[in-house]
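Visitor: What follows is model_21.cif; its format and atoms are mmCIF, N, CA and C atoms and all ligand atoms.
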data_start
loop_
_atom_site.label_atom_id
_atom_site.label_comp_id
_atom_site.auth_asym_id
_atom_site.auth_seq_id
_atom_site.Cartn_x
_atom_site.Cartn_y
_atom_site.Cartn_z
N VAL A 1 -15.61 -11.78 -0.54
CA VAL A 1 -15.37 -10.63 -1.42
C VAL A 1 -13.92 -10.20 -1.32
N LYS A 2 -13.23 -10.29 -2.42
CA LYS A 2 -11.85 -9.83 -2.46
C LYS A 2 -11.72 -9.07 -3.76
N ALA A 3 -11.19 -7.86 -3.69
CA ALA A 3 -11.18 -7.05 -4.89
C ALA A 3 -9.99 -6.11 -4.90
N SER A 4 -9.62 -5.70 -6.09
CA SER A 4 -8.63 -4.65 -6.23
C SER A 4 -9.17 -3.63 -7.21
N GLY A 5 -8.57 -2.46 -7.15
CA GLY A 5 -9.05 -1.40 -8.03
C GLY A 5 -7.95 -0.42 -8.32
N LYS A 6 -8.21 0.47 -9.27
CA LYS A 6 -7.21 1.47 -9.64
C LYS A 6 -7.88 2.66 -10.32
N CYS A 7 -7.13 3.74 -10.35
CA CYS A 7 -7.60 4.92 -11.07
C CYS A 7 -7.36 4.74 -12.56
N LEU A 8 -7.78 5.70 -13.35
CA LEU A 8 -7.66 5.58 -14.81
C LEU A 8 -6.20 5.47 -15.26
N CYS A 9 -5.31 6.27 -14.68
CA CYS A 9 -3.90 6.23 -15.10
C CYS A 9 -3.15 5.09 -14.46
N GLY A 10 -3.71 4.49 -13.42
CA GLY A 10 -3.11 3.32 -12.80
C GLY A 10 -2.15 3.62 -11.66
N LYS A 11 -1.88 4.90 -11.41
CA LYS A 11 -0.91 5.23 -10.36
C LYS A 11 -1.44 4.90 -8.97
N VAL A 12 -2.73 5.14 -8.76
CA VAL A 12 -3.34 4.81 -7.47
C VAL A 12 -3.99 3.43 -7.58
N ALA A 13 -3.54 2.53 -6.72
CA ALA A 13 -4.13 1.18 -6.70
C ALA A 13 -4.50 0.84 -5.27
N PHE A 14 -5.57 0.08 -5.12
CA PHE A 14 -6.06 -0.26 -3.79
C PHE A 14 -6.69 -1.64 -3.80
N GLY A 15 -6.98 -2.12 -2.63
CA GLY A 15 -7.63 -3.42 -2.55
C GLY A 15 -8.39 -3.54 -1.24
N PHE A 16 -9.26 -4.53 -1.18
CA PHE A 16 -9.94 -4.83 0.08
C PHE A 16 -10.34 -6.31 0.10
N GLY A 17 -10.43 -6.84 1.31
CA GLY A 17 -10.72 -8.25 1.46
C GLY A 17 -12.17 -8.54 1.77
N LYS A 18 -12.91 -7.48 2.14
CA LYS A 18 -14.29 -7.69 2.57
C LYS A 18 -15.03 -6.39 2.34
N ALA A 19 -16.28 -6.49 1.90
CA ALA A 19 -17.11 -5.30 1.70
C ALA A 19 -18.42 -5.47 2.46
N GLU A 20 -18.96 -4.36 2.92
CA GLU A 20 -20.16 -4.39 3.75
C GLU A 20 -21.44 -4.24 2.93
N ALA A 21 -21.38 -3.40 1.92
CA ALA A 21 -22.59 -3.06 1.18
C ALA A 21 -22.21 -2.33 -0.09
N SER A 22 -23.21 -2.18 -0.96
CA SER A 22 -23.01 -1.38 -2.17
C SER A 22 -24.29 -0.62 -2.45
N ALA A 23 -24.12 0.62 -2.90
CA ALA A 23 -25.29 1.48 -3.10
C ALA A 23 -25.02 2.50 -4.20
N HIS A 24 -26.09 2.84 -4.91
CA HIS A 24 -26.02 4.00 -5.79
C HIS A 24 -26.30 5.23 -4.94
N CYS A 25 -25.46 6.26 -5.08
CA CYS A 25 -25.75 7.53 -4.40
C CYS A 25 -26.07 8.59 -5.44
N HIS A 26 -27.24 9.20 -5.27
CA HIS A 26 -27.73 10.20 -6.22
C HIS A 26 -27.60 11.61 -5.66
N CYS A 27 -26.85 11.80 -4.58
CA CYS A 27 -26.80 13.12 -3.94
C CYS A 27 -26.06 14.13 -4.81
N HIS A 28 -26.33 15.40 -4.55
CA HIS A 28 -25.72 16.46 -5.34
C HIS A 28 -24.21 16.51 -5.18
N TYR A 29 -23.70 16.15 -4.00
CA TYR A 29 -22.24 16.12 -3.80
C TYR A 29 -21.60 15.11 -4.74
N CYS A 30 -22.19 13.91 -4.78
CA CYS A 30 -21.63 12.87 -5.65
C CYS A 30 -21.75 13.26 -7.12
N GLN A 31 -22.89 13.81 -7.48
CA GLN A 31 -23.07 14.24 -8.87
C GLN A 31 -21.97 15.21 -9.27
N ARG A 32 -21.73 16.20 -8.42
CA ARG A 32 -20.76 17.24 -8.76
C ARG A 32 -19.34 16.71 -8.72
N ALA A 33 -19.03 15.91 -7.71
CA ALA A 33 -17.66 15.42 -7.55
C ALA A 33 -17.25 14.50 -8.71
N HIS A 34 -18.22 13.72 -9.20
CA HIS A 34 -17.89 12.71 -10.20
C HIS A 34 -18.32 13.11 -11.60
N GLY A 35 -19.06 14.20 -11.74
CA GLY A 35 -19.54 14.60 -13.05
C GLY A 35 -20.45 13.55 -13.65
N ALA A 36 -21.31 12.97 -12.81
CA ALA A 36 -22.15 11.86 -13.26
C ALA A 36 -23.50 11.94 -12.57
N ALA A 37 -24.48 11.26 -13.12
CA ALA A 37 -25.82 11.29 -12.56
C ALA A 37 -25.85 10.66 -11.17
N PHE A 38 -25.05 9.61 -10.98
CA PHE A 38 -24.96 8.98 -9.66
C PHE A 38 -23.66 8.22 -9.57
N VAL A 39 -23.31 7.85 -8.36
CA VAL A 39 -22.08 7.11 -8.12
C VAL A 39 -22.43 5.81 -7.41
N THR A 40 -21.80 4.72 -7.82
CA THR A 40 -21.99 3.46 -7.12
C THR A 40 -20.83 3.22 -6.18
N TRP A 41 -21.17 3.16 -4.88
CA TRP A 41 -20.16 3.01 -3.84
C TRP A 41 -20.13 1.58 -3.31
N VAL A 42 -18.96 1.17 -2.87
CA VAL A 42 -18.81 -0.05 -2.09
C VAL A 42 -18.29 0.36 -0.72
N VAL A 43 -18.97 -0.05 0.32
CA VAL A 43 -18.59 0.31 1.68
C VAL A 43 -17.61 -0.72 2.23
N VAL A 44 -16.42 -0.24 2.63
CA VAL A 44 -15.37 -1.13 3.13
C VAL A 44 -14.92 -0.62 4.50
N LYS A 45 -14.86 -1.53 5.48
CA LYS A 45 -14.30 -1.14 6.78
C LYS A 45 -12.81 -0.85 6.61
N ASP A 46 -12.32 0.16 7.32
CA ASP A 46 -10.92 0.56 7.16
C ASP A 46 -9.95 -0.60 7.43
N ASP A 47 -10.35 -1.50 8.33
CA ASP A 47 -9.50 -2.67 8.64
C ASP A 47 -9.25 -3.53 7.41
N HIS A 48 -10.18 -3.52 6.49
CA HIS A 48 -10.10 -4.39 5.32
C HIS A 48 -9.60 -3.66 4.08
N PHE A 49 -9.41 -2.34 4.22
CA PHE A 49 -9.00 -1.53 3.07
C PHE A 49 -7.49 -1.31 3.08
N ARG A 50 -6.88 -1.41 1.94
CA ARG A 50 -5.47 -1.05 1.86
C ARG A 50 -5.15 -0.31 0.56
N LEU A 51 -4.33 0.70 0.72
CA LEU A 51 -3.84 1.44 -0.44
C LEU A 51 -2.57 0.73 -0.91
N GLU A 52 -2.58 0.26 -2.14
CA GLU A 52 -1.44 -0.53 -2.63
C GLU A 52 -0.34 0.37 -3.19
N SER A 53 -0.74 1.42 -3.87
CA SER A 53 0.26 2.33 -4.44
C SER A 53 -0.37 3.68 -4.74
N GLY A 54 0.49 4.66 -4.97
CA GLY A 54 0.02 5.97 -5.41
C GLY A 54 -0.35 6.92 -4.30
N GLU A 55 0.15 6.67 -3.08
CA GLU A 55 -0.19 7.55 -1.97
C GLU A 55 0.13 9.02 -2.29
N ARG A 56 1.22 9.24 -3.00
CA ARG A 56 1.61 10.61 -3.33
C ARG A 56 0.70 11.24 -4.39
N ASN A 57 0.06 10.40 -5.18
CA ASN A 57 -0.85 10.92 -6.21
C ASN A 57 -2.27 11.12 -5.69
N LEU A 58 -2.53 10.53 -4.52
CA LEU A 58 -3.89 10.60 -3.99
C LEU A 58 -4.09 11.92 -3.26
N HIS A 59 -5.04 12.70 -3.72
CA HIS A 59 -5.31 14.01 -3.11
C HIS A 59 -6.65 13.99 -2.38
N TRP A 60 -6.63 14.26 -1.09
CA TRP A 60 -7.85 14.33 -0.28
C TRP A 60 -8.27 15.78 -0.15
N PHE A 61 -9.56 16.04 -0.25
CA PHE A 61 -10.06 17.39 0.01
C PHE A 61 -11.34 17.30 0.82
N GLN A 62 -11.64 18.39 1.49
CA GLN A 62 -12.84 18.47 2.34
C GLN A 62 -14.02 18.82 1.43
N SER A 63 -14.95 17.88 1.26
CA SER A 63 -16.07 18.14 0.35
C SER A 63 -17.29 18.68 1.07
N SER A 64 -17.31 18.53 2.39
CA SER A 64 -18.36 19.14 3.21
C SER A 64 -17.77 19.24 4.61
N GLU A 65 -18.54 19.79 5.52
CA GLU A 65 -18.03 19.95 6.88
C GLU A 65 -17.63 18.60 7.49
N GLN A 66 -18.35 17.55 7.13
CA GLN A 66 -18.13 16.24 7.75
C GLN A 66 -17.26 15.29 6.92
N SER A 67 -17.12 15.58 5.64
CA SER A 67 -16.64 14.53 4.74
C SER A 67 -15.45 14.95 3.90
N ARG A 68 -14.67 13.96 3.53
CA ARG A 68 -13.53 14.17 2.65
C ARG A 68 -13.61 13.18 1.49
N ARG A 69 -13.11 13.62 0.36
CA ARG A 69 -13.08 12.78 -0.84
C ARG A 69 -11.68 12.79 -1.40
N ALA A 70 -11.33 11.70 -2.08
CA ALA A 70 -9.99 11.58 -2.63
C ALA A 70 -10.05 11.30 -4.12
N PHE A 71 -9.11 11.90 -4.84
CA PHE A 71 -9.01 11.65 -6.28
C PHE A 71 -7.54 11.53 -6.66
N CYS A 72 -7.28 10.95 -7.82
CA CYS A 72 -5.91 10.87 -8.32
C CYS A 72 -5.53 12.21 -8.94
N ALA A 73 -4.44 12.79 -8.44
CA ALA A 73 -4.02 14.11 -8.91
C ALA A 73 -3.48 14.05 -10.33
N GLU A 74 -3.16 12.87 -10.81
CA GLU A 74 -2.65 12.73 -12.18
C GLU A 74 -3.80 12.66 -13.19
N CYS A 75 -4.75 11.78 -12.95
CA CYS A 75 -5.80 11.53 -13.96
C CYS A 75 -7.18 12.03 -13.54
N GLY A 76 -7.35 12.39 -12.27
CA GLY A 76 -8.61 12.95 -11.83
C GLY A 76 -9.67 11.95 -11.43
N SER A 77 -9.37 10.66 -11.50
CA SER A 77 -10.37 9.68 -11.07
C SER A 77 -10.78 9.94 -9.62
N THR A 78 -12.07 9.99 -9.40
CA THR A 78 -12.59 10.18 -8.05
C THR A 78 -12.76 8.81 -7.41
N LEU A 79 -12.14 8.60 -6.27
CA LEU A 79 -11.96 7.23 -5.77
C LEU A 79 -12.59 6.92 -4.42
N PHE A 80 -12.37 7.78 -3.43
CA PHE A 80 -12.72 7.42 -2.06
C PHE A 80 -13.50 8.51 -1.35
N PHE A 81 -14.27 8.07 -0.34
CA PHE A 81 -15.05 8.97 0.51
C PHE A 81 -14.88 8.52 1.95
N ARG A 82 -14.58 9.47 2.83
CA ARG A 82 -14.54 9.19 4.27
C ARG A 82 -15.25 10.32 4.98
N SER A 83 -15.94 9.97 6.09
CA SER A 83 -16.76 10.97 6.76
C SER A 83 -16.84 10.68 8.25
N THR A 84 -16.92 11.74 9.03
CA THR A 84 -17.16 11.56 10.47
C THR A 84 -18.57 11.02 10.71
N LEU A 85 -19.41 11.05 9.69
CA LEU A 85 -20.76 10.51 9.79
C LEU A 85 -20.77 8.97 9.75
N CYS A 86 -19.70 8.41 9.21
CA CYS A 86 -19.59 6.94 9.16
C CYS A 86 -18.14 6.57 9.45
N PRO A 87 -17.71 6.77 10.71
CA PRO A 87 -16.30 6.57 11.05
C PRO A 87 -15.87 5.11 10.85
N GLY A 88 -14.60 4.95 10.47
CA GLY A 88 -14.06 3.59 10.30
C GLY A 88 -14.38 2.97 8.96
N GLU A 89 -14.98 3.73 8.08
CA GLU A 89 -15.34 3.21 6.76
C GLU A 89 -14.66 4.01 5.66
N THR A 90 -14.29 3.32 4.60
CA THR A 90 -13.91 3.98 3.36
C THR A 90 -14.91 3.55 2.31
N HIS A 91 -15.51 4.51 1.66
CA HIS A 91 -16.40 4.20 0.55
C HIS A 91 -15.58 4.31 -0.74
N VAL A 92 -15.67 3.26 -1.53
CA VAL A 92 -14.83 3.09 -2.71
C VAL A 92 -15.72 3.10 -3.94
N THR A 93 -15.29 3.75 -5.00
CA THR A 93 -16.11 3.78 -6.22
C THR A 93 -16.04 2.42 -6.92
N ARG A 94 -17.21 1.84 -7.11
CA ARG A 94 -17.29 0.49 -7.70
C ARG A 94 -16.75 0.47 -9.13
N ALA A 95 -16.91 1.57 -9.85
CA ALA A 95 -16.46 1.63 -11.25
C ALA A 95 -14.94 1.55 -11.36
N ASN A 96 -14.21 1.78 -10.26
CA ASN A 96 -12.76 1.72 -10.30
C ASN A 96 -12.21 0.35 -9.91
N LEU A 97 -13.10 -0.60 -9.65
CA LEU A 97 -12.63 -1.96 -9.36
C LEU A 97 -12.16 -2.61 -10.65
N VAL A 98 -11.19 -3.48 -10.51
CA VAL A 98 -10.76 -4.29 -11.64
C VAL A 98 -11.63 -5.53 -11.61
N GLY A 99 -12.45 -5.69 -12.64
CA GLY A 99 -13.48 -6.71 -12.57
C GLY A 99 -14.59 -6.19 -11.68
N ASP A 100 -15.20 -7.06 -10.92
CA ASP A 100 -16.28 -6.60 -10.05
C ASP A 100 -16.31 -7.47 -8.80
N VAL A 101 -17.12 -7.10 -7.87
CA VAL A 101 -17.29 -7.89 -6.65
C VAL A 101 -18.70 -8.47 -6.65
N GLU A 102 -18.84 -9.59 -5.97
CA GLU A 102 -20.16 -10.19 -5.87
C GLU A 102 -20.89 -9.63 -4.68
N ILE A 103 -21.38 -8.42 -4.87
CA ILE A 103 -22.16 -7.81 -3.79
C ILE A 103 -23.29 -7.02 -4.44
N PRO A 104 -24.53 -7.31 -4.06
CA PRO A 104 -25.65 -6.65 -4.73
C PRO A 104 -25.71 -5.16 -4.40
N VAL A 105 -26.15 -4.37 -5.36
CA VAL A 105 -26.41 -2.95 -5.10
C VAL A 105 -27.80 -2.88 -4.48
N ARG A 106 -27.83 -2.68 -3.17
CA ARG A 106 -29.07 -2.87 -2.43
C ARG A 106 -29.85 -1.57 -2.23
N TYR A 107 -29.18 -0.43 -2.41
CA TYR A 107 -29.83 0.84 -2.08
C TYR A 107 -29.67 1.88 -3.18
N ASP A 108 -30.68 2.72 -3.35
CA ASP A 108 -30.57 3.99 -4.05
C ASP A 108 -30.70 5.06 -2.98
N CYS A 109 -29.63 5.85 -2.79
CA CYS A 109 -29.61 6.84 -1.69
C CYS A 109 -29.89 8.24 -2.22
N PHE A 110 -30.53 9.04 -1.42
CA PHE A 110 -30.86 10.44 -1.75
C PHE A 110 -31.62 10.54 -3.08
N VAL A 111 -32.62 9.69 -3.22
CA VAL A 111 -33.35 9.60 -4.49
C VAL A 111 -34.10 10.89 -4.84
N GLU A 112 -34.38 11.71 -3.82
CA GLU A 112 -35.07 12.97 -4.12
C GLU A 112 -34.16 13.95 -4.86
N GLN A 113 -32.83 13.66 -4.85
CA GLN A 113 -31.89 14.52 -5.56
C GLN A 113 -31.50 13.95 -6.92
N ARG A 114 -32.12 12.86 -7.28
CA ARG A 114 -31.80 12.15 -8.51
C ARG A 114 -31.82 13.08 -9.73
N ALA A 115 -30.82 12.94 -10.59
CA ALA A 115 -30.77 13.73 -11.82
C ALA A 115 -31.84 13.22 -12.78
N THR A 116 -32.67 14.13 -13.27
CA THR A 116 -33.77 13.70 -14.13
C THR A 116 -33.26 13.20 -15.48
N TRP A 117 -32.04 13.58 -15.84
CA TRP A 117 -31.48 13.18 -17.13
C TRP A 117 -30.64 11.90 -17.04
N GLY A 118 -30.61 11.29 -15.88
CA GLY A 118 -29.67 10.20 -15.64
C GLY A 118 -30.12 8.81 -16.00
N GLU A 119 -31.34 8.66 -16.50
CA GLU A 119 -31.82 7.32 -16.83
C GLU A 119 -31.16 6.81 -18.10
N THR A 120 -30.99 5.48 -18.20
CA THR A 120 -30.50 4.89 -19.44
C THR A 120 -31.64 4.09 -20.07
N GLY A 121 -31.47 3.71 -21.32
CA GLY A 121 -32.49 2.93 -21.99
C GLY A 121 -33.62 3.80 -22.48
N GLY A 122 -34.85 3.39 -22.24
CA GLY A 122 -36.00 4.14 -22.70
C GLY A 122 -36.04 4.18 -24.22
N ASP A 123 -36.44 5.34 -24.79
CA ASP A 123 -36.55 5.41 -26.24
C ASP A 123 -35.32 6.06 -26.88
N ARG A 124 -34.24 6.17 -26.11
CA ARG A 124 -33.02 6.72 -26.69
C ARG A 124 -32.39 5.73 -27.68
N ILE A 125 -31.59 6.26 -28.60
CA ILE A 125 -30.90 5.43 -29.58
C ILE A 125 -29.76 4.70 -28.86
N GLN A 126 -29.79 3.37 -28.94
CA GLN A 126 -28.80 2.55 -28.23
C GLN A 126 -27.69 2.17 -29.20
N LEU A 127 -26.48 2.60 -28.93
CA LEU A 127 -25.34 2.34 -29.81
C LEU A 127 -24.36 1.39 -29.15
N ARG A 128 -24.09 0.27 -29.81
CA ARG A 128 -23.02 -0.61 -29.36
C ARG A 128 -21.67 -0.03 -29.76
N GLY A 129 -20.62 -0.53 -29.15
CA GLY A 129 -19.28 -0.04 -29.45
C GLY A 129 -18.86 -0.26 -30.89
N ASP A 130 -19.44 -1.29 -31.53
CA ASP A 130 -19.08 -1.57 -32.93
C ASP A 130 -20.03 -0.89 -33.92
N SER A 131 -20.88 0.00 -33.43
CA SER A 131 -21.77 0.73 -34.32
C SER A 131 -20.96 1.70 -35.20
N PRO A 132 -21.33 1.83 -36.50
CA PRO A 132 -20.64 2.79 -37.38
C PRO A 132 -20.64 4.21 -36.81
N ALA A 133 -21.67 4.57 -36.08
CA ALA A 133 -21.75 5.91 -35.51
C ALA A 133 -20.62 6.17 -34.50
N LEU A 134 -20.03 5.11 -33.98
CA LEU A 134 -18.96 5.25 -33.00
C LEU A 134 -17.60 4.86 -33.57
N ALA A 135 -17.55 4.69 -34.89
CA ALA A 135 -16.32 4.17 -35.52
C ALA A 135 -15.10 5.03 -35.22
N LYS A 136 -15.30 6.36 -35.12
CA LYS A 136 -14.13 7.22 -34.89
C LYS A 136 -13.52 7.02 -33.51
N TYR A 137 -14.27 6.38 -32.62
CA TYR A 137 -13.73 6.11 -31.28
C TYR A 137 -13.16 4.71 -31.15
N SER A 138 -13.21 3.95 -32.24
CA SER A 138 -12.94 2.52 -32.13
C SER A 138 -11.48 2.21 -31.89
N ALA A 139 -10.59 3.20 -32.08
CA ALA A 139 -9.17 2.96 -31.81
C ALA A 139 -8.89 2.90 -30.31
N VAL A 140 -9.84 3.36 -29.50
CA VAL A 140 -9.66 3.39 -28.06
C VAL A 140 -9.85 1.99 -27.50
N ARG A 141 -8.86 1.52 -26.78
CA ARG A 141 -8.96 0.20 -26.14
C ARG A 141 -8.95 0.40 -24.62
N PRO A 142 -9.83 -0.32 -23.94
CA PRO A 142 -9.87 -0.16 -22.50
C PRO A 142 -8.60 -0.65 -21.81
ZN ZN B 201 -4.63 8.24 -11.80
ZN ZN B 202 -23.56 10.96 -2.52
#
The structure in this file should be written as C-alpha cells.
Ligand SMILES: [Zn+2]
Ligand SMILES: [Zn+2]

Guide:
Amino acid sequence: VKASGKCLCGKVAFGFGKAEASAHCHCHYCQRAHGAAFVTWVVVKDDHFRLESGERNLHWFQSSEQSRRAFCAECGSTLFFRSTLCPGETHVTRANLVGDVEIPVRYDCFVEQRATWGETGGDRIQLRGDSPALAKYSAVRP
C-alpha cells in the first residue's frame, strides 16, 4: 500500500507507505467534524506517515479530551485524527486520497450512533452526473 492524498485546495499534501486498516466511523464526533453521515478512515502508523506540504495551512484542534483533528485552514478539508487512545497512529480520511488504496473497509464503528438519513440507494431517485437534472452543475470538473 502506497498512497498520497491532498485537501480540496491542494495546499496540504501527504503520503504514506503502509496502512494498517480502514473503517467507516459513524460516531457523532466524525459526523459533526466532517458534516457527513460517516467518515472512512485509513489507519497509518506515524512511522509510515509523512506530511508533504502545507504544514502552515494545517490546523490542529482538540476535538475531545483525548483526541485532536486537523483540517486545512484554507479550504476546510478535514484530514487527520490523532488520539492518546491510539498512540503512534494517524488516521487519514480515505476520501482525500488521490486514487485509492487496496485495503478493504473491514469495520463499521460506533454503529449505534449511525445517522438514520445516511443510507444511499434504496428507493431514492438516482441521478448520474450527466443527468439533465444536474446540468447546471456540469461545468464543475473534479
Ligand atoms: Zn486546502
Ligand atoms: Zn468517529

Visitor: Quick one: of A:Cys30, A:Asp46, A:Arg106, A:Ala13, who's nearest to Gly88 in chain A, counting all atoms listed in the file?

Guide: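 Comparing A:Cys30, A:Asp46, A:Arg106, A:Ala13 against Gly88 in chain A, the winner is A:Asp46.
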
Visitor: Using DSSP assignments from the backbone, pull out every residue in chain A that falls under helix (DSSP H, G or I) and give it to me as a ChimeraX atom specification.

Guide: /A:28-34,46-48,94-96,111-113,132-137

Visitor: Which residue gives the smallest distance to ligand ZN 202 (chain B) among A:Lys6, A:Arg50, A:Arg32, A:Arg128, with only C-alpha atoms and all ligand atoms counted?

Guide: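 Looking at the shortest contact to ligand ZN 202 (chain B), the residue is A:Arg32.
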
Visitor: Which residues come within 8 Å of Ala70 in chain A, counting only N, CA and C atoms, excluding same-chain residues fewer than 6 positions away, as a PyMOL selection string?

Guide: chain A and resi 57-63+76-82

Visitor: Hey, which bits of chain A sit within 7 Å of ligand ZN 201 (chain B), and for each residue what's the closest pair of atoms and how far apart in Å (one decimal), counting only N, CA and C atoms and all ligand atoms, rows by chain and increasing number, as JSON lines?

Guide:
{"residue": "A:Lys6", "atom": "C", "partner": "B:ZN201", "partner_atom": "ZN", "distance": 6.6}
{"residue": "A:Cys7", "atom": "C", "partner": "B:ZN201", "partner_atom": "ZN", "distance": 4.5}
{"residue": "A:Leu8", "atom": "N", "partner": "B:ZN201", "partner_atom": "ZN", "distance": 4.3}
{"residue": "A:Cys9", "atom": "N", "partner": "B:ZN201", "partner_atom": "ZN", "distance": 3.6}
{"residue": "A:Gly10", "atom": "N", "partner": "B:ZN201", "partner_atom": "ZN", "distance": 4.2}
{"residue": "A:Lys11", "atom": "N", "partner": "B:ZN201", "partner_atom": "ZN", "distance": 4.3}
{"residue": "A:Val12", "atom": "N", "partner": "B:ZN201", "partner_atom": "ZN", "distance": 4.7}
{"residue": "A:Phe71", "atom": "C", "partner": "B:ZN201", "partner_atom": "ZN", "distance": 6.8}
{"residue": "A:Cys72", "atom": "CA", "partner": "B:ZN201", "partner_atom": "ZN", "distance": 4.5}
{"residue": "A:Ala73", "atom": "N", "partner": "B:ZN201", "partner_atom": "ZN", "distance": 5.7}
{"residue": "A:Glu74", "atom": "C", "partner": "B:ZN201", "partner_atom": "ZN", "distance": 4.7}
{"residue": "A:Cys75", "atom": "N", "partner": "B:ZN201", "partner_atom": "ZN", "distance": 3.7}
{"residue": "A:Gly76", "atom": "N", "partner": "B:ZN201", "partner_atom": "ZN", "distance": 5.0}
{"residue": "A:Ser77", "atom": "N", "partner": "B:ZN201", "partner_atom": "ZN", "distance": 5.3}

Visitor: Using all atoms listed in the file, find all polymer residues with an atom at most 7 Å away from the point (-11.8, 1.2, -12.5); report them as a PDB file with N, CA and C atoms, keeping the file's coordinate frame.

Guide:
ATOM      1  N   GLY A   5      -8.570  -2.460  -7.150  1.00  0.00           N
ATOM      2  CA  GLY A   5      -9.050  -1.400  -8.030  1.00  0.00           C
ATOM      3  C   GLY A   5      -7.950  -0.420  -8.320  1.00  0.00           C
ATOM      4  N   LYS A   6      -8.210   0.470  -9.270  1.00  0.00           N
ATOM      5  CA  LYS A   6      -7.210   1.470  -9.640  1.00  0.00           C
ATOM      6  C   LYS A   6      -7.880   2.660 -10.320  1.00  0.00           C
ATOM      7  N   CYS A   7      -7.130   3.740 -10.350  1.00  0.00           N
ATOM      8  CA  CYS A   7      -7.600   4.920 -11.070  1.00  0.00           C
ATOM      9  C   CYS A   7      -7.360   4.740 -12.560  1.00  0.00           C
ATOM     10  N   LEU A   8      -7.780   5.700 -13.350  1.00  0.00           N
ATOM     11  CA  LEU A   8      -7.660   5.580 -14.810  1.00  0.00           C
ATOM     12  C   LEU A   8      -6.200   5.470 -15.260  1.00  0.00           C
ATOM     13  N   ARG A  94     -17.210   1.840  -7.110  1.00  0.00           N
ATOM     14  CA  ARG A  94     -17.290   0.490  -7.700  1.00  0.00           C
ATOM     15  C   ARG A  94     -16.750   0.470  -9.130  1.00  0.00           C
ATOM     16  N   ALA A  95     -16.910   1.570  -9.850  1.00  0.00           N
ATOM     17  CA  ALA A  95     -16.460   1.630 -11.250  1.00  0.00           C
ATOM     18  C   ALA A  95     -14.940   1.550 -11.360  1.00  0.00           C
ATOM     19  N   ASN A  96     -14.210   1.780 -10.260  1.00  0.00           N
ATOM     20  CA  ASN A  96     -12.760   1.720 -10.300  1.00  0.00           C
ATOM     21  C   ASN A  96     -12.210   0.350  -9.910  1.00  0.00           C
ATOM     22  N   LEU A  97     -13.100  -0.600  -9.650  1.00  0.00           N
ATOM     23  CA  LEU A  97     -12.630  -1.960  -9.360  1.00  0.00           C
ATOM     24  C   LEU A  97     -12.160  -2.610 -10.650  1.00  0.00           C
ATOM     25  N   VAL A  98     -11.190  -3.480 -10.510  1.00  0.00           N
ATOM     26  CA  VAL A  98     -10.760  -4.290 -11.640  1.00  0.00           C
ATOM     27  C   VAL A  98     -11.630  -5.530 -11.610  1.00  0.00           C
ATOM     28  N   GLY A  99     -12.450  -5.690 -12.640  1.00  0.00           N
ATOM     29  CA  GLY A  99     -13.480  -6.710 -12.570  1.00  0.00           C
ATOM     30  C   GLY A  99     -14.590  -6.190 -11.680  1.00  0.00           C
TER      31      GLY A  99
END

Visitor: Taking all atoms listed in the file into account, which residues have an atom no farther than 6.5 Å from ligand ZN 202 (chain B)? I'd like them as a PyMOL selection string.

Guide: chain A and resi 25-31

Visitor: One decimal, in Å: what's the spacing between CA of Gly121 in chain A and CA of Val105 in chain A?

Guide: 18.9 Å

Visitor: How far is it from CA of Val42 in chain A to CA of Thr120 in chain A, in Å with one decimal?

Guide: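 CA of Thr120 in chain A lies at a distance of 21.5 Å from CA of Val42 in chain A.
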
Visitor: Do you have the CA of Glu112 in chain A-CA of Ser64 in chain A distance handy?

Guide: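 Straight-line distance from CA of Glu112 in chain A to CA of Ser64 in chain A works out to 19.3 Å.
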
Visitor: Give the strand (DSSP E or B) residues of range 18-127 of chain A, as assigned by DSSP on the backbone, as a ChimeraX atom specification.

Guide: /A:21-25,39-45,49-53,58-62,67-72,78-83,89-93,97,107-109

Visitor: Give me the residues near Ala3 in chain A as a PDB file with N, CA and C atoms, in the coordinates of the input, where near means some atom within 7 Å (using only C-alpha atoms) and where sequence neighbours in that chain fewer than 3 positions away do not count.

Guide:
ATOM      1  N   GLY A  15      -6.980  -2.120  -2.630  1.00  0.00           N
ATOM      2  CA  GLY A  15      -7.630  -3.420  -2.550  1.00  0.00           C
ATOM      3  C   GLY A  15      -8.390  -3.540  -1.240  1.00  0.00           C
ATOM      4  N   PHE A  16      -9.260  -4.530  -1.180  1.00  0.00           N
ATOM      5  CA  PHE A  16      -9.940  -4.830   0.080  1.00  0.00           C
ATOM      6  C   PHE A  16     -10.340  -6.310   0.100  1.00  0.00           C
ATOM      7  N   GLY A  17     -10.430  -6.840   1.310  1.00  0.00           N
ATOM      8  CA  GLY A  17     -10.720  -8.250   1.460  1.00  0.00           C
ATOM      9  C   GLY A  17     -12.170  -8.540   1.770  1.00  0.00           C
ATOM     10  N   LEU A  97     -13.100  -0.600  -9.650  1.00  0.00           N
ATOM     11  CA  LEU A  97     -12.630  -1.960  -9.360  1.00  0.00           C
ATOM     12  C   LEU A  97     -12.160  -2.610 -10.650  1.00  0.00           C
ATOM     13  N   VAL A 101     -17.120  -7.100  -7.870  1.00  0.00           N
ATOM     14  CA  VAL A 101     -17.290  -7.890  -6.650  1.00  0.00           C
ATOM     15  C   VAL A 101     -18.700  -8.470  -6.650  1.00  0.00           C
TER      16      VAL A 101
END

Visitor: Can you list, as a ChimeraX atom specification, every protein, DNA or RNA residue that comes within 6.5 Å of Ser22 in chain A when you count all atoms listed in the file, leaving out same-chain residues fewer than 2 positions away?

Guide: /A:20,24,40-43,103-107

Visitor: Place a sphere of radius 7 Å on (-13.0, 15.4, 9.7) in the file coordinates and name every protein, DNA or RNA residue with an atom inside or on its surface, counting only C-alpha atoms; give the answer as a PDB file with N, CA and C atoms, keeping the file's coordinate frame.

Guide:
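Writing done, so here's part_17.pdb:
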ATOM      1  N   GLN A  66     -18.350  17.550   7.130  1.00  0.00           N
ATOM      2  CA  GLN A  66     -18.130  16.240   7.750  1.00  0.00           C
ATOM      3  C   GLN A  66     -17.260  15.290   6.920  1.00  0.00           C
ATOM      4  N   SER A  67     -17.120  15.580   5.640  1.00  0.00           N
ATOM      5  CA  SER A  67     -16.640  14.530   4.740  1.00  0.00           C
ATOM      6  C   SER A  67     -15.450  14.950   3.900  1.00  0.00           C
ATOM      7  N   SER A  83     -15.940   9.970   6.090  1.00  0.00           N
ATOM      8  CA  SER A  83     -16.760  10.970   6.760  1.00  0.00           C
ATOM      9  C   SER A  83     -16.840  10.680   8.250  1.00  0.00           C
ATOM     10  N   THR A  84     -16.920  11.740   9.030  1.00  0.00           N
ATOM     11  CA  THR A  84     -17.160  11.560  10.470  1.00  0.00           C
ATOM     12  C   THR A  84     -18.570  11.020  10.710  1.00  0.00           C
TER      13      THR A  84
END
